[in-house]
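Data block for upload.cif (mmCIF, C-alpha atoms and all ligand atoms):
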```cif
data_structure
#
loop_
_atom_site.label_atom_id
_atom_site.label_comp_id
_atom_site.auth_asym_id
_atom_site.auth_seq_id
_atom_site.Cartn_x
_atom_site.Cartn_y
_atom_site.Cartn_z
CA MET E 1007 -48.34 -81.38 -14.10
CA VAL E 1008 -46.90 -84.44 -12.38
CA GLN E 1009 -49.61 -84.34 -9.74
CA GLU E 1010 -52.41 -84.14 -12.32
CA GLN E 1011 -51.01 -86.99 -14.38
CA LEU E 1012 -50.48 -89.04 -11.24
CA ASN E 1013 -54.10 -88.51 -10.27
CA THR E 1014 -55.26 -89.54 -13.73
CA VAL E 1015 -53.23 -92.76 -13.50
CA ARG E 1016 -54.64 -93.44 -10.03
CA GLN E 1017 -58.19 -92.99 -11.34
CA ASN E 1018 -57.47 -95.31 -14.27
CA ILE E 1019 -56.14 -97.94 -11.86
CA ILE E 1020 -59.29 -97.70 -9.73
CA GLN E 1021 -61.49 -98.08 -12.81
CA ALA E 1022 -59.51 -101.04 -14.16
CA CYS E 1023 -59.86 -102.68 -10.73
CA GLU E 1024 -63.61 -102.08 -10.80
CA ARG E 1025 -63.90 -103.69 -14.23
CA ALA E 1026 -61.95 -106.69 -12.99
CA GLY E 1027 -63.74 -106.98 -9.64
CA ARG E 1028 -60.51 -106.31 -7.80
CA LYS E 1029 -59.63 -103.98 -4.93
CA PRO E 1030 -57.42 -100.99 -5.79
CA CYS E 1031 -55.24 -101.78 -2.78
CA GLU E 1032 -54.19 -105.00 -4.57
CA VAL E 1033 -52.33 -102.96 -7.17
CA LYS E 1034 -49.16 -101.04 -6.35
CA LEU E 1035 -48.29 -98.13 -8.62
CA ILE E 1036 -44.57 -97.85 -9.25
CA ALA E 1037 -43.75 -94.40 -10.60
CA VAL E 1038 -40.90 -94.95 -13.05
CA SER E 1039 -38.69 -91.89 -12.65
CA LYS E 1040 -35.69 -92.93 -14.77
CA THR E 1041 -33.99 -90.00 -16.55
CA LYS E 1042 -36.29 -87.57 -14.69
CA PRO E 1043 -34.96 -84.96 -12.25
CA VAL E 1044 -35.31 -85.06 -8.49
CA SER E 1045 -37.59 -82.00 -8.68
CA MET E 1046 -40.22 -84.03 -10.55
CA ILE E 1047 -39.94 -86.89 -8.05
CA GLU E 1048 -40.49 -84.34 -5.29
CA GLU E 1049 -43.71 -83.26 -7.01
CA ALA E 1050 -44.89 -86.86 -7.00
CA VAL E 1051 -43.89 -87.26 -3.34
CA ALA E 1052 -45.90 -84.15 -2.50
CA ALA E 1053 -48.89 -85.88 -4.09
CA GLY E 1054 -48.41 -88.90 -1.84
CA GLN E 1055 -46.41 -91.20 -4.14
CA ARG E 1056 -43.89 -93.26 -2.16
CA VAL E 1057 -42.76 -95.96 -4.61
CA PHE E 1058 -40.38 -95.28 -7.47
CA GLY E 1059 -38.79 -97.42 -10.16
CA GLU E 1060 -35.40 -96.88 -11.75
CA ASN E 1061 -33.36 -98.92 -14.21
CA LYS E 1062 -29.82 -97.74 -13.45
CA VAL E 1063 -27.88 -98.42 -10.26
CA GLN E 1064 -25.99 -95.13 -10.39
CA GLU E 1065 -29.18 -93.16 -10.82
CA ILE E 1066 -30.90 -94.85 -7.85
CA CYS E 1067 -27.89 -94.14 -5.65
CA ASP E 1068 -27.73 -90.47 -6.70
CA LYS E 1069 -31.44 -89.87 -6.24
CA ILE E 1070 -31.81 -91.69 -2.91
CA GLY E 1071 -29.32 -89.29 -1.33
CA GLN E 1072 -31.39 -86.27 -2.35
CA LEU E 1073 -34.84 -87.46 -1.32
CA PRO E 1074 -36.68 -88.42 1.88
CA SER E 1075 -35.50 -91.71 3.35
CA ASP E 1076 -38.97 -93.27 3.62
CA LEU E 1077 -39.39 -93.83 -0.13
CA GLU E 1078 -39.31 -97.28 -1.76
CA TRP E 1079 -36.94 -97.80 -4.69
CA HIS E 1080 -37.54 -100.65 -7.10
CA MET E 1081 -34.84 -101.81 -9.50
CA ILE E 1082 -36.67 -102.58 -12.73
CA GLY E 1083 -33.88 -102.66 -15.31
CA HIS E 1084 -31.27 -105.18 -16.40
CA LEU E 1085 -28.81 -105.51 -13.50
CA GLN E 1086 -25.13 -106.23 -14.01
CA ARG E 1087 -23.62 -108.57 -11.46
CA ASN E 1088 -20.79 -106.21 -10.54
CA LYS E 1089 -23.32 -103.53 -9.55
CA VAL E 1090 -25.42 -105.65 -7.20
CA LYS E 1091 -23.37 -104.62 -4.18
CA TYR E 1092 -24.32 -100.97 -4.61
CA ILE E 1093 -28.06 -101.46 -4.39
CA ILE E 1094 -28.46 -104.56 -2.28
CA ASP E 1095 -29.46 -102.56 0.80
CA LYS E 1096 -31.26 -99.82 -1.16
CA ALA E 1097 -33.72 -101.58 -3.46
CA THR E 1098 -36.96 -102.74 -1.85
CA LEU E 1099 -37.48 -105.14 -4.73
CA ILE E 1100 -35.41 -106.21 -7.72
CA HIS E 1101 -37.88 -106.90 -10.54
CA SER E 1102 -35.38 -108.00 -13.13
CA VAL E 1103 -33.60 -111.20 -12.16
CA ASP E 1104 -32.93 -112.69 -15.59
CA SER E 1105 -30.25 -115.33 -14.89
CA ILE E 1106 -29.18 -117.80 -12.22
CA ARG E 1107 -25.76 -116.15 -12.10
CA LEU E 1108 -27.36 -112.84 -11.17
CA ALA E 1109 -29.48 -114.55 -8.49
CA LYS E 1110 -26.31 -116.12 -7.03
CA GLN E 1111 -24.61 -112.73 -6.92
CA ILE E 1112 -27.64 -111.19 -5.20
CA SER E 1113 -27.62 -114.02 -2.68
CA GLU E 1114 -23.92 -113.48 -1.90
CA GLU E 1115 -24.18 -109.72 -1.56
CA ALA E 1116 -27.36 -109.94 0.52
CA LYS E 1117 -25.61 -112.34 2.88
CA LYS E 1118 -22.67 -109.94 3.25
CA ALA E 1119 -25.05 -107.05 3.91
CA GLY E 1120 -27.10 -109.09 6.39
CA VAL E 1121 -30.36 -108.67 4.46
CA THR E 1122 -32.75 -110.87 2.53
CA ALA E 1123 -33.32 -109.63 -1.01
CA ASN E 1124 -36.82 -109.89 -2.41
CA VAL E 1125 -36.80 -110.48 -6.14
CA LEU E 1126 -39.03 -111.17 -9.11
CA LEU E 1127 -37.96 -113.30 -12.05
CA GLU E 1128 -38.17 -111.53 -15.38
CA VAL E 1129 -39.93 -113.62 -17.99
CA ASN E 1130 -39.65 -113.01 -21.73
CA ILE E 1131 -43.22 -114.08 -22.16
CA ALA E 1132 -43.55 -112.91 -25.77
CA ARG E 1133 -40.23 -114.55 -26.71
CA GLU E 1134 -38.78 -111.37 -28.15
CA GLU E 1135 -35.16 -111.60 -29.29
CA SER E 1136 -34.34 -108.14 -28.00
CA LYS E 1137 -35.50 -108.79 -24.44
CA PHE E 1138 -33.86 -110.14 -21.31
CA GLY E 1139 -35.57 -112.72 -19.15
CA PHE E 1140 -36.26 -116.40 -18.75
CA MET E 1141 -38.33 -118.24 -21.31
CA GLU E 1142 -41.60 -119.53 -19.91
CA GLU E 1143 -40.40 -123.14 -19.87
CA GLU E 1144 -37.23 -122.22 -17.94
CA VAL E 1145 -38.94 -120.47 -15.05
CA GLU E 1146 -39.81 -123.46 -12.86
CA THR E 1147 -36.28 -124.86 -12.97
CA ALA E 1148 -34.85 -121.42 -12.25
CA VAL E 1149 -37.22 -120.89 -9.33
CA ARG E 1150 -36.25 -124.28 -7.85
CA GLU E 1151 -32.56 -123.46 -8.13
CA ILE E 1152 -32.91 -119.99 -6.64
CA ALA E 1153 -35.01 -121.41 -3.82
CA GLN E 1154 -31.87 -123.20 -2.62
CA LEU E 1155 -29.88 -119.97 -2.30
CA GLU E 1156 -29.56 -118.08 0.98
CA ASN E 1157 -30.73 -114.51 1.62
CA ILE E 1158 -32.84 -114.28 -1.53
CA SER E 1159 -36.60 -114.78 -1.85
CA VAL E 1160 -38.50 -115.02 -5.09
CA ILE E 1161 -41.89 -113.42 -4.53
CA GLY E 1162 -43.25 -113.36 -8.08
CA LEU E 1163 -42.76 -112.72 -11.77
CA MET E 1164 -42.23 -109.68 -13.98
CA THR E 1165 -42.49 -109.10 -17.69
CA ILE E 1166 -41.99 -106.28 -20.17
CA ALA E 1167 -44.66 -106.81 -22.80
CA PRO E 1168 -44.04 -105.92 -26.45
CA PHE E 1169 -44.38 -102.35 -27.61
CA VAL E 1170 -47.77 -102.25 -29.33
CA GLU E 1171 -50.17 -99.62 -30.61
CA ASN E 1172 -53.21 -101.32 -29.14
CA ALA E 1173 -52.86 -102.52 -25.53
CA GLU E 1174 -55.37 -105.34 -26.21
CA GLU E 1175 -52.65 -107.08 -28.21
CA ASN E 1176 -50.76 -107.65 -24.97
CA ARG E 1177 -53.68 -109.17 -23.07
CA ILE E 1178 -52.65 -112.66 -24.17
CA TYR E 1179 -49.17 -112.16 -22.67
CA PHE E 1180 -50.53 -110.87 -19.38
CA LYS E 1181 -52.86 -113.88 -19.21
CA LYS E 1182 -49.91 -116.19 -19.90
CA LEU E 1183 -47.77 -114.67 -17.15
CA LYS E 1184 -50.64 -114.88 -14.67
CA GLN E 1185 -51.21 -118.54 -15.55
CA LEU E 1186 -47.50 -119.29 -15.20
CA SER E 1187 -47.45 -117.73 -11.73
CA VAL E 1188 -50.50 -119.75 -10.69
CA ASP E 1189 -48.96 -122.97 -12.04
CA ILE E 1190 -45.68 -122.41 -10.22
CA GLY E 1191 -47.45 -121.25 -7.05
CA GLU E 1192 -49.35 -124.54 -6.97
CA LYS E 1193 -46.09 -126.53 -6.78
CA ASN E 1194 -45.59 -125.18 -3.25
CA ILE E 1195 -41.84 -124.82 -3.57
CA ASP E 1196 -40.14 -123.97 -0.25
CA ASN E 1197 -38.93 -120.40 0.15
CA ILE E 1198 -40.90 -119.26 -2.92
CA ARG E 1199 -44.01 -117.16 -3.16
CA MET E 1200 -45.84 -116.22 -6.33
CA SER E 1201 -47.77 -113.35 -4.79
CA GLU E 1202 -46.53 -110.52 -7.03
CA LEU E 1203 -47.03 -109.97 -10.75
CA SER E 1204 -45.22 -106.92 -12.10
CA MET E 1205 -46.68 -106.20 -15.52
CA GLY E 1206 -48.09 -103.24 -17.40
CA MET E 1207 -46.53 -99.90 -18.39
CA THR E 1208 -47.98 -96.60 -19.58
CA GLY E 1209 -49.44 -98.08 -22.75
CA ASP E 1210 -51.04 -101.15 -21.25
CA TYR E 1211 -51.29 -101.05 -17.43
CA GLU E 1212 -55.08 -101.09 -17.41
CA VAL E 1213 -55.20 -104.32 -19.41
CA ALA E 1214 -52.46 -105.76 -17.16
CA ILE E 1215 -54.56 -104.96 -14.07
CA GLU E 1216 -57.59 -106.66 -15.61
CA GLU E 1217 -55.38 -109.73 -16.04
CA GLY E 1218 -54.05 -109.76 -12.49
CA ALA E 1219 -51.10 -107.37 -12.19
CA THR E 1220 -50.20 -106.53 -8.57
CA MET E 1221 -47.60 -103.96 -9.61
CA VAL E 1222 -47.72 -101.63 -12.59
CA ARG E 1223 -44.68 -99.64 -13.69
CA VAL E 1224 -45.75 -96.30 -15.15
CA GLY E 1225 -43.23 -93.71 -16.32
CA THR E 1226 -44.35 -91.62 -19.30
CA GLY E 1227 -47.95 -91.51 -18.05
CA ILE E 1228 -46.81 -89.69 -14.90
CA PHE E 1229 -43.64 -87.80 -15.80
CA GLY E 1230 -44.10 -87.24 -19.55
CA THR E 1231 -42.00 -88.46 -22.46
CA ARG E 1232 -38.31 -89.18 -21.97
C1 LIG E 1301 -39.05 -97.45 -18.60
C2 LIG E 1301 -39.69 -98.65 -18.04
C3 LIG E 1301 -41.04 -98.65 -17.66
C4 LIG E 1301 -41.96 -97.45 -17.83
O1 LIG E 1301 -42.26 -97.26 -19.18
P1 LIG E 1301 -43.38 -96.20 -19.64
O2 LIG E 1301 -43.80 -96.70 -20.97
O3 LIG E 1301 -42.70 -94.89 -19.68
O4 LIG E 1301 -44.46 -96.25 -18.64
C5 LIG E 1301 -41.57 -99.79 -17.12
N1 LIG E 1301 -40.82 -100.91 -16.94
C6 LIG E 1301 -39.52 -100.96 -17.30
C7 LIG E 1301 -38.77 -102.21 -17.07
C8 LIG E 1301 -38.91 -99.84 -17.86
O5 LIG E 1301 -37.62 -99.90 -18.19
#
```
As C-alpha cells, please, write out the structure in this file.
Ligand SMILES: *Cc1c(COP(=O)(O)O)cnc(C)c1O
Amino acid sequence: MVQEQLNTVRQNIIQACERAGRKPCEVKLIAVSKTKPVSMIEEAVAAGQRVFGENKVQEICDKIGQLPSDLEWHMIGHLQRNKVKYIIDKATLIHSVDSIRLAKQISEEAKKAGVTANVLLEVNIAREESKFGFMEEEVETAVREIAQLENISVIGLMTIAPFVENAEENRIYFKKLKQLSVDIGEKNIDNIRMSELSMGMTGDYEVAIEEGATMVRVGTGIFGTR
C-alpha cells in the first residue's frame, strides 16, 4: 500500500512540474512518517524513498536507530530549545526555526557538536493565530540576525498553509512565500541562501509545486490517515 501511494505521489509531482515548466529533480519529496511504525518506513525505503520528516525529537531518535543509516531525517515540527542537543547531529535539515532564541540554541549546540546546522525559517504566511512562525515582515530582520550566528546556515523558508477544502485557496500563500524568498534572496545577505522553499502537504502539494516549492512534506498521501 505504501509503495503504491508513494508512486502516485511521485507521478503527481512529475505532472505538477510539467504544468509549471519545472524539472522533477527540483522538488524533493519528504515522506512525513510521524506516528507511523518503522515497518511502514521500511516499505517506503524498499520503494526507494530516502528522505523522511518527523515532528518529534524522541520519535526521530527512536526510528533512526532501527533503520538504515543512509536515510535523511528532516525535523519539521515545533522544536523546543532543550531538545536541540538530541537532534543536532541527526537532522539533515530543521524546517521549523520560529524564533531567534531557537536559532541561538541551534548555533550553540552545532558548535559543540562540530557541525553546521542547515535550517529554514518558518513563516506564518497566512497570519493564523494557532500557528508558529515569523510574520512576513519579521523575516528579513530575523535572517540578518541569524546570519551573524556561528555554525548555522539559513537556506530558505518554510510554511504550513491553512487547512482548506480546496487547495487553490492556498495558492495565494504559496505565491507570497515565494515572493518573500525572492525579495530576501536579492538582498545578498552574507551566510544566507534562499534556495529552498518547503511548502505543500498532502492536500495542496501540487499547487505548492506550481508556485515554486523545492520541498513538499507529504504524510497522509503516502502512509494513510493518522
Ligand atoms: C504532519 C505534517 C505534514 C504532513 O501532513 P499531511 O497532511 O499528512 O501530508 C507536513 N508538514 C508538517 C509541518 C506536519 O506537521
Which residues, written as a PDB file with C-alpha atoms, in the frame of the given file, have at least one atom at most 7 Å from region 1202-1207 of chain E, with all atoms listed in the file counted and residues fewer than 3 positions away on the same chain left out?
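Final output, saved to out_10.pdb:
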```
ATOM      1  CA  ILE E1161     -41.890-113.420  -4.530  1.00  0.00           C
ATOM      2  CA  GLY E1162     -43.250-113.360  -8.080  1.00  0.00           C
ATOM      3  CA  LEU E1163     -42.760-112.720 -11.770  1.00  0.00           C
ATOM      4  CA  MET E1164     -42.230-109.680 -13.980  1.00  0.00           C
ATOM      5  CA  THR E1165     -42.490-109.100 -17.690  1.00  0.00           C
ATOM      6  CA  ILE E1166     -41.990-106.280 -20.170  1.00  0.00           C
ATOM      7  CA  ASP E1210     -51.040-101.150 -21.250  1.00  0.00           C
ATOM      8  CA  TYR E1211     -51.290-101.050 -17.430  1.00  0.00           C
ATOM      9  CA  ALA E1214     -52.460-105.760 -17.160  1.00  0.00           C
ATOM     10  CA  ALA E1219     -51.100-107.370 -12.190  1.00  0.00           C
ATOM     11  CA  THR E1220     -50.200-106.530  -8.570  1.00  0.00           C
ATOM     12  CA  MET E1221     -47.600-103.960  -9.610  1.00  0.00           C
ATOM     13  CA  VAL E1222     -47.720-101.630 -12.590  1.00  0.00           C
ATOM     14  CA  ARG E1223     -44.680 -99.640 -13.690  1.00  0.00           C
ATOM     15  CA  VAL E1224     -45.750 -96.300 -15.150  1.00  0.00           C
TER      16      VAL E1224
END
```
Neighbours of ligand LIG 1301 (chain E) at 7 Å or closer, counting all atoms listed in the file: which residues, as a ChimeraX atom specification?
/E:1038,1040,1061,1082-1083,1166,1207-1209,1223-1227
Generate the output file for the selected residues, C-alpha atoms, as a PDB file, keeping the file's coordinate frame.
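Produced file result-v7.pdb, reproduced below:
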```pdb
ATOM      1  CA  VAL E1038     -40.900 -94.950 -13.050  1.00  0.00           C
ATOM      2  CA  LYS E1040     -35.690 -92.930 -14.770  1.00  0.00           C
ATOM      3  CA  ASN E1061     -33.360 -98.920 -14.210  1.00  0.00           C
ATOM      4  CA  ILE E1082     -36.670-102.580 -12.730  1.00  0.00           C
ATOM      5  CA  GLY E1083     -33.880-102.660 -15.310  1.00  0.00           C
ATOM      6  CA  ILE E1166     -41.990-106.280 -20.170  1.00  0.00           C
ATOM      7  CA  MET E1207     -46.530 -99.900 -18.390  1.00  0.00           C
ATOM      8  CA  THR E1208     -47.980 -96.600 -19.580  1.00  0.00           C
ATOM      9  CA  GLY E1209     -49.440 -98.080 -22.750  1.00  0.00           C
ATOM     10  CA  ARG E1223     -44.680 -99.640 -13.690  1.00  0.00           C
ATOM     11  CA  VAL E1224     -45.750 -96.300 -15.150  1.00  0.00           C
ATOM     12  CA  GLY E1225     -43.230 -93.710 -16.320  1.00  0.00           C
ATOM     13  CA  THR E1226     -44.350 -91.620 -19.300  1.00  0.00           C
ATOM     14  CA  GLY E1227     -47.950 -91.510 -18.050  1.00  0.00           C
TER      15      GLY E1227
END
```
What is the distance between CA of Phe1180 (chain E) and CA of Glu1217 (chain E), in Å to one decimal?
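CA of Glu1217 (chain E) lies 6.0 Å from CA of Phe1180 (chain E).
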How many Å lie between CA of Thr1041 (chain E) and CA of Asp1068 (chain E), rounded to one decimal?
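So the two atoms, CA of Thr1041 (chain E) and CA of Asp1068 (chain E), lie 11.7 Å apart.
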Taking into account only C-alpha atoms, which residue in the set E:Val1033, E:Leu1085, E:Ala1148, E:Ala1132 is nearest to Lys1062 (chain E)?
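Nearest candidate to Lys1062 (chain E) out of E:Val1033, E:Leu1085, E:Ala1148, E:Ala1132: E:Leu1085.
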Pick from E:Ile1106, E:Ile1190, E:Ile1178, E:Val1015: nearest to Phe1140 (chain E), with all atoms listed in the file counted?
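Smallest separation from Phe1140 (chain E) among the options: E:Ile1106.
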Applying 12 Å and all atoms listed in the file, which residues near Asn1172 (chain E) remain after dropping the ones on its own chain fewer than 2 positions away? List them as a tab-separated table (two decimals) with C-alpha atoms, in the frame of the given file.
```
chain	number	residue	atom	x	y	z
E	1167	ALA	CA	-44.66	-106.81	-22.80
E	1168	PRO	CA	-44.04	-105.92	-26.45
E	1169	PHE	CA	-44.38	-102.35	-27.61
E	1170	VAL	CA	-47.77	-102.25	-29.33
E	1174	GLU	CA	-55.37	-105.34	-26.21
E	1175	GLU	CA	-52.65	-107.08	-28.21
E	1176	ASN	CA	-50.76	-107.65	-24.97
E	1177	ARG	CA	-53.68	-109.17	-23.07
E	1208	THR	CA	-47.98	-96.60	-19.58
E	1209	GLY	CA	-49.44	-98.08	-22.75
E	1210	ASP	CA	-51.04	-101.15	-21.25
E	1211	TYR	CA	-51.29	-101.05	-17.43
E	1212	GLU	CA	-55.08	-101.09	-17.41
E	1213	VAL	CA	-55.20	-104.32	-19.41
```
When you write region 1206-1232 of chain E out from the block above, keep N, CA, C and O atoms and present the result as a PDB file, in the first residue's frame, please.
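Ended up saving to selection-v3.pdb:
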```
ATOM      1  N   GLY E1206       3.684  22.918   1.041  1.00  0.00           N
ATOM      2  CA  GLY E1206       2.812  21.929   0.417  1.00  0.00           C
ATOM      3  C   GLY E1206       2.784  20.640   1.211  1.00  0.00           C
ATOM      4  O   GLY E1206       3.834  20.101   1.584  1.00  0.00           O
ATOM      5  N   MET E1207       1.565  20.159   1.525  1.00  0.00           N
ATOM      6  CA  MET E1207       1.336  18.917   2.246  1.00  0.00           C
ATOM      7  C   MET E1207       0.366  18.073   1.411  1.00  0.00           C
ATOM      8  O   MET E1207       0.101  18.412   0.262  1.00  0.00           O
ATOM      9  N   THR E1208      -0.146  17.007   1.985  1.00  0.00           N
ATOM     10  CA  THR E1208      -0.985  16.105   1.183  1.00  0.00           C
ATOM     11  C   THR E1208      -2.080  16.837   0.401  1.00  0.00           C
ATOM     12  O   THR E1208      -2.297  16.564  -0.777  1.00  0.00           O
ATOM     13  N   GLY E1209      -2.731  17.785   1.057  1.00  0.00           N
ATOM     14  CA  GLY E1209      -3.880  18.429   0.427  1.00  0.00           C
ATOM     15  C   GLY E1209      -3.535  19.443  -0.654  1.00  0.00           C
ATOM     16  O   GLY E1209      -4.392  19.804  -1.466  1.00  0.00           O
ATOM     17  N   ASP E1210      -2.285  19.919  -0.660  1.00  0.00           N
ATOM     18  CA  ASP E1210      -2.011  21.052  -1.544  1.00  0.00           C
ATOM     19  C   ASP E1210      -0.602  21.062  -2.167  1.00  0.00           C
ATOM     20  O   ASP E1210      -0.163  22.081  -2.692  1.00  0.00           O
ATOM     21  N   TYR E1211       0.101  19.905  -2.149  1.00  0.00           N
ATOM     22  CA  TYR E1211       1.495  19.942  -2.638  1.00  0.00           C
ATOM     23  C   TYR E1211       1.609  20.236  -4.127  1.00  0.00           C
ATOM     24  O   TYR E1211       2.597  20.833  -4.578  1.00  0.00           O
ATOM     25  N   GLU E1212       0.568  19.862  -4.900  1.00  0.00           N
ATOM     26  CA  GLU E1212       0.680  20.113  -6.339  1.00  0.00           C
ATOM     27  C   GLU E1212       0.625  21.617  -6.641  1.00  0.00           C
ATOM     28  O   GLU E1212       1.389  22.131  -7.464  1.00  0.00           O
ATOM     29  N   VAL E1213      -0.278  22.299  -5.929  1.00  0.00           N
ATOM     30  CA  VAL E1213      -0.349  23.761  -6.087  1.00  0.00           C
ATOM     31  C   VAL E1213       0.957  24.397  -5.611  1.00  0.00           C
ATOM     32  O   VAL E1213       1.501  25.308  -6.252  1.00  0.00           O
ATOM     33  N   ALA E1214       1.491  23.891  -4.487  1.00  0.00           N
ATOM     34  CA  ALA E1214       2.749  24.444  -3.952  1.00  0.00           C
ATOM     35  C   ALA E1214       3.882  24.294  -4.973  1.00  0.00           C
ATOM     36  O   ALA E1214       4.697  25.207  -5.155  1.00  0.00           O
ATOM     37  N   ILE E1215       3.924  23.145  -5.652  1.00  0.00           N
ATOM     38  CA  ILE E1215       4.969  22.930  -6.670  1.00  0.00           C
ATOM     39  C   ILE E1215       4.792  23.917  -7.825  1.00  0.00           C
ATOM     40  O   ILE E1215       5.756  24.501  -8.324  1.00  0.00           O
ATOM     41  N   GLU E1216       3.554  24.119  -8.232  1.00  0.00           N
ATOM     42  CA  GLU E1216       3.303  25.082  -9.322  1.00  0.00           C
ATOM     43  C   GLU E1216       3.790  26.479  -8.935  1.00  0.00           C
ATOM     44  O   GLU E1216       4.160  27.272  -9.788  1.00  0.00           O
ATOM     45  N   GLU E1217       3.802  26.756  -7.620  1.00  0.00           N
ATOM     46  CA  GLU E1217       4.215  28.080  -7.155  1.00  0.00           C
ATOM     47  C   GLU E1217       5.669  28.123  -6.684  1.00  0.00           C
ATOM     48  O   GLU E1217       6.106  29.117  -6.109  1.00  0.00           O
ATOM     49  N   GLY E1218       6.403  27.036  -6.892  1.00  0.00           N
ATOM     50  CA  GLY E1218       7.848  27.113  -6.647  1.00  0.00           C
ATOM     51  C   GLY E1218       8.403  26.302  -5.488  1.00  0.00           C
ATOM     52  O   GLY E1218       9.584  26.461  -5.140  1.00  0.00           O
ATOM     53  N   ALA E1219       7.608  25.439  -4.874  1.00  0.00           N
ATOM     54  CA  ALA E1219       8.140  24.623  -3.773  1.00  0.00           C
ATOM     55  C   ALA E1219       9.339  23.798  -4.239  1.00  0.00           C
ATOM     56  O   ALA E1219       9.331  23.254  -5.343  1.00  0.00           O
ATOM     57  N   THR E1220      10.373  23.711  -3.402  1.00  0.00           N
ATOM     58  CA  THR E1220      11.505  22.820  -3.690  1.00  0.00           C
ATOM     59  C   THR E1220      11.470  21.598  -2.780  1.00  0.00           C
ATOM     60  O   THR E1220      12.207  20.643  -2.993  1.00  0.00           O
ATOM     61  N   MET E1221      10.628  21.674  -1.749  1.00  0.00           N
ATOM     62  CA  MET E1221      10.423  20.523  -0.856  1.00  0.00           C
ATOM     63  C   MET E1221       8.944  20.462  -0.531  1.00  0.00           C
ATOM     64  O   MET E1221       8.359  21.477  -0.159  1.00  0.00           O
ATOM     65  N   VAL E1222       8.361  19.269  -0.680  1.00  0.00           N
ATOM     66  CA  VAL E1222       6.975  19.080  -0.245  1.00  0.00           C
ATOM     67  C   VAL E1222       6.976  18.021   0.855  1.00  0.00           C
ATOM     68  O   VAL E1222       7.762  17.069   0.817  1.00  0.00           O
ATOM     69  N   ARG E1223       6.112  18.223   1.831  1.00  0.00           N
ATOM     70  CA  ARG E1223       6.083  17.346   3.013  1.00  0.00           C
ATOM     71  C   ARG E1223       4.763  16.569   3.004  1.00  0.00           C
ATOM     72  O   ARG E1223       3.725  17.109   3.356  1.00  0.00           O
ATOM     73  N   VAL E1224       4.823  15.327   2.557  1.00  0.00           N
ATOM     74  CA  VAL E1224       3.587  14.562   2.374  1.00  0.00           C
ATOM     75  C   VAL E1224       3.540  13.379   3.347  1.00  0.00           C
ATOM     76  O   VAL E1224       4.428  12.516   3.334  1.00  0.00           O
ATOM     77  N   GLY E1225       2.528  13.367   4.188  1.00  0.00           N
ATOM     78  CA  GLY E1225       2.351  12.289   5.157  1.00  0.00           C
ATOM     79  C   GLY E1225       1.195  11.389   4.785  1.00  0.00           C
ATOM     80  O   GLY E1225       1.372  10.277   4.262  1.00  0.00           O
ATOM     81  N   THR E1226      -0.029  11.879   5.028  1.00  0.00           N
ATOM     82  CA  THR E1226      -1.249  11.109   4.784  1.00  0.00           C
ATOM     83  C   THR E1226      -1.289  10.505   3.376  1.00  0.00           C
ATOM     84  O   THR E1226      -1.708   9.361   3.204  1.00  0.00           O
ATOM     85  N   GLY E1227      -0.856  11.248   2.390  1.00  0.00           N
ATOM     86  CA  GLY E1227      -0.907  10.794   0.996  1.00  0.00           C
ATOM     87  C   GLY E1227      -0.038   9.581   0.731  1.00  0.00           C
ATOM     88  O   GLY E1227      -0.228   8.873  -0.255  1.00  0.00           O
ATOM     89  N   ILE E1228       0.934   9.327   1.609  1.00  0.00           N
ATOM     90  CA  ILE E1228       1.815   8.166   1.453  1.00  0.00           C
ATOM     91  C   ILE E1228       1.467   7.068   2.457  1.00  0.00           C
ATOM     92  O   ILE E1228       1.333   5.901   2.106  1.00  0.00           O
ATOM     93  N   PHE E1229       1.302   7.469   3.718  1.00  0.00           N
ATOM     94  CA  PHE E1229       1.167   6.472   4.793  1.00  0.00           C
ATOM     95  C   PHE E1229      -0.277   6.285   5.269  1.00  0.00           C
ATOM     96  O   PHE E1229      -0.527   5.476   6.151  1.00  0.00           O
ATOM     97  N   GLY E1230      -1.210   7.051   4.739  1.00  0.00           N
ATOM     98  CA  GLY E1230      -2.601   6.944   5.191  1.00  0.00           C
ATOM     99  C   GLY E1230      -2.886   7.862   6.378  1.00  0.00           C
ATOM    100  O   GLY E1230      -1.979   8.520   6.888  1.00  0.00           O
ATOM    101  N   THR E1231      -4.145   7.883   6.803  1.00  0.00           N
ATOM    102  CA  THR E1231      -4.539   8.818   7.859  1.00  0.00           C
ATOM    103  C   THR E1231      -3.880   8.451   9.188  1.00  0.00           C
ATOM    104  O   THR E1231      -3.585   7.290   9.449  1.00  0.00           O
ATOM    105  N   ARG E1232      -3.683   9.478  10.012  1.00  0.00           N
ATOM    106  CA  ARG E1232      -3.068   9.256  11.325  1.00  0.00           C
ATOM    107  C   ARG E1232      -4.136   9.153  12.409  1.00  0.00           C
ATOM    108  O   ARG E1232      -5.145   9.762  12.357  1.00  0.00           O
TER     109      ARG E1232
END
```
